[in-house]
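What follows is the content of target_29.txt, which has compact mmCIF, C-alpha atoms:
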```txt
# COMPACT_ATOMS: atom_id res chain seq x y z
CA PHE A 1 -17.24 58.35 -3.39
CA CYS A 2 -15.49 60.04 -0.50
CA SER A 3 -15.46 63.86 -0.15
CA SER A 4 -12.10 64.14 -1.87
CA GLY A 5 -13.29 62.25 -4.92
CA CYS A 6 -11.60 58.89 -4.14
CA VAL A 7 -13.37 55.59 -4.65
CA THR A 8 -14.20 53.47 -1.64
CA GLU A 9 -14.58 49.68 -1.82
CA GLU A 10 -16.40 47.32 0.42
CA PRO A 11 -14.00 44.87 2.11
CA SER A 12 -14.17 41.55 0.30
CA ALA A 13 -15.11 38.41 2.18
CA ASP A 14 -12.48 35.69 2.59
CA ILE A 15 -13.58 33.06 0.08
CA THR A 16 -10.39 31.00 0.11
CA LYS A 17 -11.26 27.51 -1.07
CA THR A 18 -10.08 24.54 0.98
CA PRO A 19 -8.06 22.21 -1.28
CA VAL A 20 -9.61 18.81 -1.93
CA VAL A 21 -7.58 15.60 -2.22
CA ALA A 22 -8.88 12.65 -4.25
CA VAL A 23 -7.95 9.05 -3.46
CA VAL A 24 -9.17 5.57 -4.31
CA SER A 25 -11.45 4.33 -1.53
CA ASN A 26 -10.63 1.39 0.74
CA THR A 27 -6.92 1.18 -0.08
CA THR A 28 -3.74 1.80 1.85
CA ALA A 29 -3.48 5.06 -0.08
CA THR A 30 -6.70 6.12 1.68
CA LEU A 31 -4.84 5.99 4.99
CA ALA A 32 -1.97 8.02 3.58
CA ALA A 33 -4.35 10.60 2.10
CA THR A 34 -6.31 10.86 5.35
CA GLU A 35 -3.16 11.64 7.33
CA TYR A 36 -2.04 14.10 4.63
CA CYS A 37 -5.38 15.94 4.75
CA ASN A 38 -5.44 16.05 8.54
CA LYS A 39 -1.95 17.54 8.61
CA ASN A 40 -2.69 20.19 5.97
CA LYS A 41 -6.35 20.80 6.87
CA TYR A 42 -7.50 19.71 3.41
CA GLU A 43 -10.71 17.95 2.48
CA LEU A 44 -10.71 14.31 1.34
CA THR A 45 -12.92 12.71 -1.27
CA GLU A 46 -12.87 8.99 -2.13
CA LEU A 47 -13.44 7.73 -5.67
CA GLU A 48 -13.67 4.29 -7.25
CA THR A 49 -10.56 4.25 -9.45
CA LEU A 50 -7.25 6.06 -9.83
CA THR A 51 -8.32 7.10 -13.32
CA ASP A 52 -11.35 8.83 -11.76
CA CYS A 53 -9.00 10.66 -9.40
CA ALA A 54 -6.66 11.70 -12.22
CA VAL A 55 -9.50 13.01 -14.40
CA SER A 56 -10.96 15.00 -11.49
CA VAL A 57 -7.61 16.69 -10.80
CA GLU A 58 -6.80 17.30 -14.46
CA ASN A 59 -10.15 18.99 -15.09
CA GLY A 60 -9.83 21.12 -11.97
CA LYS A 61 -12.66 19.55 -9.98
CA PHE A 62 -10.25 18.56 -7.22
CA ASP A 63 -6.79 19.87 -6.35
CA TYR A 64 -4.62 16.84 -5.62
CA LEU A 65 -4.60 13.07 -5.67
CA VAL A 66 -2.71 10.54 -3.57
CA CYS A 67 -1.59 7.13 -4.79
CA SER A 68 1.09 4.55 -4.06
CA GLU A 69 4.45 4.68 -5.81
CA PHE A 70 3.50 1.47 -7.64
CA GLU A 71 0.52 3.08 -9.37
CA THR A 72 2.11 6.20 -10.81
CA ASP A 73 2.45 4.70 -14.30
CA THR A 74 -1.35 4.99 -14.54
CA LEU A 75 -0.90 8.77 -14.45
CA ASN A 76 1.39 8.97 -17.49
CA ASN A 77 -1.53 9.75 -19.80
CA PHE A 78 -2.62 12.73 -17.73
CA SER A 79 -1.25 16.26 -17.44
CA LEU A 80 -0.19 15.83 -13.82
CA LYS A 81 3.06 16.28 -11.91
CA GLU A 82 4.35 15.00 -8.60
CA LYS A 83 3.97 17.57 -5.83
CA GLU A 84 5.48 15.76 -2.84
CA THR A 85 5.71 12.49 -0.93
CA CYS A 86 3.39 11.77 2.00
CA GLU A 87 4.94 11.19 5.41
CA TYR A 88 2.79 8.09 5.83
CA LYS A 89 4.37 4.80 4.74
CA SER A 90 3.21 1.20 4.70
CA GLN A 91 5.51 -1.62 5.76
CA TYR A 92 4.24 -5.17 5.38
CA SER A 93 5.48 -8.16 7.35
CA LEU A 94 4.62 -11.79 7.90
CA CYS A 95 3.11 -12.63 11.28
CA PHE A 96 3.94 -15.93 13.01
CA SER A 97 3.10 -17.56 16.30
CA ALA A 98 5.90 -16.91 18.77
CA GLU A 99 6.07 -20.69 19.22
CA SER A 100 7.00 -21.25 15.55
CA THR A 101 10.59 -20.21 16.11
CA ASP A 102 12.15 -22.38 13.39
CA LEU A 103 9.68 -21.26 10.72
CA TYR A 104 9.92 -17.64 11.80
CA ASP A 105 13.71 -17.73 11.74
CA ALA A 106 13.73 -19.31 8.28
CA PHE A 107 11.38 -16.72 6.78
CA ASN A 108 12.99 -13.77 8.51
CA SER A 109 16.40 -14.89 7.22
CA GLY A 110 14.92 -15.38 3.74
CA ILE A 111 13.43 -11.89 3.70
CA LYS A 112 16.71 -10.36 4.85
CA ALA A 113 18.64 -12.25 2.18
CA LEU A 114 16.35 -11.19 -0.67
CA MET A 115 16.38 -7.60 0.55
CA SER A 116 20.18 -7.68 0.69
CA ASP A 117 20.79 -9.26 -2.74
CA GLY A 118 18.33 -6.96 -4.52
CA THR A 119 15.74 -9.61 -5.44
CA ILE A 120 12.84 -7.86 -3.72
CA GLU A 121 13.90 -4.56 -5.29
CA LYS A 122 13.82 -6.23 -8.73
CA ILE A 123 10.31 -7.56 -8.08
CA CYS A 124 9.16 -4.09 -6.99
CA ASP A 125 10.74 -2.46 -10.05
CA ALA A 126 8.95 -4.96 -12.31
CA HIS A 127 5.63 -3.97 -10.76
CA LYS A 128 6.47 -0.31 -11.38
CA GLY A 129 7.08 -1.13 -15.04
CA GLU A 130 10.80 -0.50 -14.66
CA GLY A 131 12.05 -4.01 -15.40
CA THR A 132 11.05 -7.64 -15.48
CA TYR A 133 11.21 -10.44 -12.96
CA LYS A 134 10.15 -14.06 -13.24
CA SER A 135 10.00 -16.25 -10.15
CA ASP A 136 10.37 -19.95 -10.93
CA PHE A 137 8.08 -22.08 -8.77
CA VAL A 138 10.04 -24.43 -6.52
CA GLN A 139 8.33 -27.54 -5.17
CA GLY A 140 9.09 -27.77 -1.46
CA GLU A 141 7.50 -28.30 1.91
CA SER A 142 4.06 -26.66 1.98
CA VAL A 143 3.52 -23.61 4.17
CA SER A 144 0.06 -22.05 4.62
CA ILE A 145 -0.07 -18.27 4.44
CA PHE A 146 -3.29 -16.47 5.27
CA PHE A 147 -4.40 -13.30 3.48
CA THR A 148 -7.46 -11.11 3.22
CA ASP A 149 -8.52 -10.14 -0.28
CA GLY A 150 -8.70 -6.36 -0.55
CA ILE A 151 -6.83 -5.44 2.64
CA SER A 152 -3.88 -4.66 0.41
CA GLU A 153 -4.14 -3.59 -3.22
CA PHE A 154 -0.91 -5.54 -3.75
CA ALA A 155 -2.53 -8.91 -3.01
CA ILE A 156 -5.63 -9.49 -5.13
CA VAL A 157 -7.77 -12.47 -6.16
CA ASP A 158 -9.50 -12.22 -9.55
CA GLU A 159 -12.90 -13.58 -10.57
CA ASN A 160 -11.33 -16.94 -11.40
CA GLY A 161 -9.88 -17.30 -7.93
CA ASP A 162 -6.31 -16.70 -9.10
CA ALA A 163 -4.05 -14.77 -6.72
CA PHE A 164 -1.80 -12.10 -8.17
CA GLY A 165 0.03 -8.97 -7.16
CA LEU A 166 3.28 -7.65 -5.80
CA GLU A 167 2.98 -9.20 -2.36
CA PHE A 168 2.26 -12.68 -3.71
CA ASP A 169 5.33 -12.43 -5.94
CA ILE A 170 7.53 -11.39 -3.02
CA ILE A 171 6.22 -14.06 -0.65
CA THR A 172 6.58 -16.74 -3.34
CA ALA A 173 10.18 -15.68 -3.96
CA VAL A 174 10.95 -15.82 -0.22
CA CYS A 175 9.36 -19.27 0.06
CA ASN A 176 11.31 -20.56 -2.95
CA SER A 177 14.58 -19.24 -1.53
CA ILE A 178 14.20 -21.27 1.67
CA GLY A 179 12.70 -24.42 0.17
CA TYR A 180 8.96 -23.93 0.81
CA SER A 181 5.91 -23.91 -1.44
CA PRO A 182 3.29 -21.33 -0.40
CA GLU A 183 -0.37 -22.25 -0.04
CA PHE A 184 -2.33 -19.00 0.11
CA ILE A 185 -5.51 -19.20 2.18
CA LYS A 186 -8.11 -16.44 1.92
CA GLY A 187 -10.38 -15.24 4.71
CA GLU A 188 -11.46 -12.27 6.80
CA TYR A 189 -8.62 -10.41 8.53
CA GLU A 190 -9.56 -11.15 12.15
CA GLU A 191 -10.22 -14.79 11.27
CA GLY A 192 -6.57 -15.16 10.32
CA PHE A 193 -5.33 -14.49 13.85
CA ALA A 194 -7.70 -17.10 15.29
CA LEU A 195 -6.48 -19.65 12.74
CA LEU A 196 -2.87 -18.76 13.49
CA GLU A 197 -3.45 -19.17 17.22
CA ASP A 198 -5.06 -22.59 16.65
CA GLY A 199 -2.21 -23.69 14.40
CA GLU A 200 -4.42 -24.03 11.31
CA VAL A 201 -2.28 -21.62 9.28
CA ASP A 202 1.45 -20.99 9.52
CA ALA A 203 1.58 -17.24 8.91
CA ILE A 204 -0.42 -14.14 8.02
CA MET A 205 0.76 -11.75 5.31
CA SER A 206 0.11 -8.01 4.85
CA VAL A 207 0.47 -7.24 8.57
CA ASP A 208 1.38 -3.60 9.17
CA TYR A 209 4.84 -3.55 10.72
CA LEU A 210 4.58 0.06 11.87
CA ASN A 211 1.05 0.29 13.20
CA SER A 212 -0.02 -3.18 14.35
CA ILE A 213 -0.46 -3.84 18.07
CA LEU A 214 0.10 -7.53 18.73
CA ASP A 215 0.20 -9.60 21.91
CA ASP A 216 3.27 -11.48 23.05
CA ALA A 217 2.08 -14.70 21.40
CA LEU A 218 2.75 -13.24 17.93
CA VAL A 219 5.90 -12.04 16.20
CA LEU A 220 6.54 -10.10 13.00
CA THR A 221 9.32 -10.64 10.49
CA ASP A 222 11.33 -7.77 9.14
CA PRO A 223 9.24 -5.88 6.55
CA TYR A 224 9.34 -7.43 3.09
CA LEU A 225 7.72 -4.41 1.45
CA GLU A 226 7.79 -0.67 2.11
CA ILE A 227 5.46 1.59 0.17
CA GLU A 228 5.57 5.35 -0.24
CA TYR A 229 2.61 7.46 -1.30
CA LYS A 230 2.83 10.35 -3.74
CA VAL A 231 0.79 13.55 -4.07
CA TYR A 232 0.04 14.73 -7.61
CA GLU A 233 -1.36 18.01 -8.93
CA ILE A 234 -2.18 19.43 -12.35
CA ASN A 235 0.83 20.22 -14.48
CA VAL A 236 0.42 23.85 -15.58
```
Give the structure from this file in structure tokens form.
Amino acid sequence: FCSSGCVTEEPSADITKTPVVAVVSNTTATLAATEYCNKNKYELTELETLTDCAVSVENGKFDYLVCSEFETDTLNNFSLKEKETCEYKSQYSLCFSAESTDLYDAFNSGIKALMSDGTIEKICDAHKGEGTYKSDFVQGESVSIFFTDGISEFAIVDENGDAFGLEFDIITAVCNSIGYSPEFIKGEYEEGFALLEDGEVDAIMSVDYLNSILDDALVLTDPYLEIEYKVYEINV
């Protein structure tokens, strides 16, 4: 007590907690979440599944989660709400040898056409659960397209060796529209560029249009897929 009878208090220490953002490890969302945390000075933690992230935010263990716009339907069973959209975006293109001008021109024109007529949007909506799309396989001239399993969560190979995912559906639709049949070839990411240089594959998919640094011997098509990343928090 002070001499006048008032109560004195010790100054409290600043115990403000740094917010923690959860994200699925080794995905493109990890890159978005990393940039988001760096910008806001938040901490990042990586978990195995989006469900793990959702549970950890819902029960208050972590503050936010980041996921792609194509995964938000997974969150419908949780008491979460969208907070904002990350500045980081992914844009995927096909990469060709600069010498393959005819093939590049055909695919770039095909991508532009399917973007313009809404076909790619329909495929994306179907993968968001907002519609349906069925691509009929067209037998045409074979074109070999290299991919790396796991570099994009939108191009996956299951335990039976079957390829599935949003990117495969888009690339197949582009191929069909210009009279080609895709042959997807799996390998390590850097291996793909060596194969492309040697002429053993025709193109590489899932190449980052915004952030890739390529030499003059390689060219990128217009992006066939742009992905936004959302931040979610508990809905209180």
### Query
A:Asn38, A:Ser212, A:Ser68, A:Thr172: which is nearest A:Ile123, counting all atoms listed in the file?
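When distances to A:Ile123 are compared using all atoms listed in the file, the smallest one comes from A:Thr172.
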### Message
Counting only C-alpha atoms, which residue out of A:Ser56, A:Asn108, A:Ser177, A:Ser100 sits closest to A:Leu218?
### Response
A:Ser100
## Note on the structure
Taken to one decimal, the atom CA of A:Asp202-atom CA of A:Ser144 distance is 5.2 Å
### Task
Please identify all polymer residues within 12 Å of A:Lys128, counting all atoms listed in the file, omitting same-chain residues fewer than 2 positions from it, and present them as a list in words.
Ser68, Glu69, Phe70, Glu71, Thr72, Asp73, Thr74, Glu121, Lys122, Ile123, Cys124, Asp125, Ala126, Glu130, Gly131, Thr132, Tyr133, Phe154, Gly165, Leu166 and Ile227 of chain A
### Query
In Å to one decimal, how far is atom CA of A:Ser152 from atom CA of A:Lys89?
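These atoms are spaced 13.3 Å apart.
Ranking A:Tyr229, A:Pro19, A:Glu82, A:Thr51 by their shortest atom-to-atom distance to A:Glu35, with only C-alpha atoms included, puts A:Tyr229 first.
Atom CA of A:Ala217 is positioned 5.1 Å from atom CA of A:Ala98.
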For A:Phe107, find every residue with an atom within 12 Å (counting all atoms listed in the file), except residues of its own chain fewer than 3 positions away, and show them as a compact mmCIF listing (two decimals) with C-alpha atoms, keeping the file's coordinate frame.
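The result, stored in result20.txt:
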```txt
# COMPACT_ATOMS: atom_id res chain seq x y z
CA SER A 93 5.48 -8.16 7.35
CA LEU A 94 4.62 -11.79 7.90
CA CYS A 95 3.11 -12.63 11.28
CA PHE A 96 3.94 -15.93 13.01
CA SER A 100 7.00 -21.25 15.55
CA THR A 101 10.59 -20.21 16.11
CA ASP A 102 12.15 -22.38 13.39
CA LEU A 103 9.68 -21.26 10.72
CA TYR A 104 9.92 -17.64 11.80
CA GLY A 110 14.92 -15.38 3.74
CA ILE A 111 13.43 -11.89 3.70
CA LYS A 112 16.71 -10.36 4.85
CA ALA A 113 18.64 -12.25 2.18
CA LEU A 114 16.35 -11.19 -0.67
CA VAL A 143 3.52 -23.61 4.17
CA ILE A 145 -0.07 -18.27 4.44
CA ILE A 170 7.53 -11.39 -3.02
CA ILE A 171 6.22 -14.06 -0.65
CA THR A 172 6.58 -16.74 -3.34
CA ALA A 173 10.18 -15.68 -3.96
CA VAL A 174 10.95 -15.82 -0.22
CA CYS A 175 9.36 -19.27 0.06
CA ASN A 176 11.31 -20.56 -2.95
CA SER A 177 14.58 -19.24 -1.53
CA ILE A 178 14.20 -21.27 1.67
CA GLY A 179 12.70 -24.42 0.17
CA TYR A 180 8.96 -23.93 0.81
CA PRO A 182 3.29 -21.33 -0.40
CA ASP A 202 1.45 -20.99 9.52
CA ALA A 203 1.58 -17.24 8.91
CA MET A 205 0.76 -11.75 5.31
CA VAL A 219 5.90 -12.04 16.20
CA LEU A 220 6.54 -10.10 13.00
CA THR A 221 9.32 -10.64 10.49
CA ASP A 222 11.33 -7.77 9.14
CA PRO A 223 9.24 -5.88 6.55
CA TYR A 224 9.34 -7.43 3.09
```
### Query
Using all atoms listed in the file, which of the listed residues (A:Ala106, A:Ala163, A:Ala54, A:Val138) sits closest to A:Ala22?
A:Ala54
What lies within 9 Å of A:Leu44 using all atoms listed in the file, ignoring chain neighbours under 6 positions off, as a PDB file with C-alpha atoms, keeping the file's coordinate frame?
```pdb
ATOM      1  CA  PRO A  19      -8.060  22.210  -1.280  1.00  0.00           C
ATOM      2  CA  VAL A  20      -9.610  18.810  -1.930  1.00  0.00           C
ATOM      3  CA  VAL A  21      -7.580  15.600  -2.220  1.00  0.00           C
ATOM      4  CA  ALA A  22      -8.880  12.650  -4.250  1.00  0.00           C
ATOM      5  CA  VAL A  23      -7.950   9.050  -3.460  1.00  0.00           C
ATOM      6  CA  ALA A  33      -4.350  10.600   2.100  1.00  0.00           C
ATOM      7  CA  THR A  34      -6.310  10.860   5.350  1.00  0.00           C
ATOM      8  CA  CYS A  37      -5.380  15.940   4.750  1.00  0.00           C
TER       9      CYS A  37
END
```
### Minimum-distance residue to A:Glu200, chosen among A:Ser90, A:Ser97, A:Asn40, A:Thr16 (using only C-alpha atoms)
A:Ser97
### Task
Write out as a count of residues only the residues lying within 6 Å of A:Lys230, counting all atoms listed in the file and excluding same-chain residues fewer than 4 positions away.
4
#### Entry: Polymer residues at most 10 Å from stretch 188-192 of chain A, all atoms listed in the file, same-chain spacing of 5 or more positions, as a list in words
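Contacts, in chain order: Ile145, Phe146, Phe147, Thr148, Asp149, Gly150, Ile151, Glu197, Asp198, Glu200, Val201, Asp202, Ala203, Ile204, Met205, Ser206 and Val207 of chain A.
In terms of minimum interatomic distance to A:Ala29, A:Glu228 ranks closest within A:Leu195, A:Val55, A:Gly129, A:Glu228, counting all atoms listed in the file.
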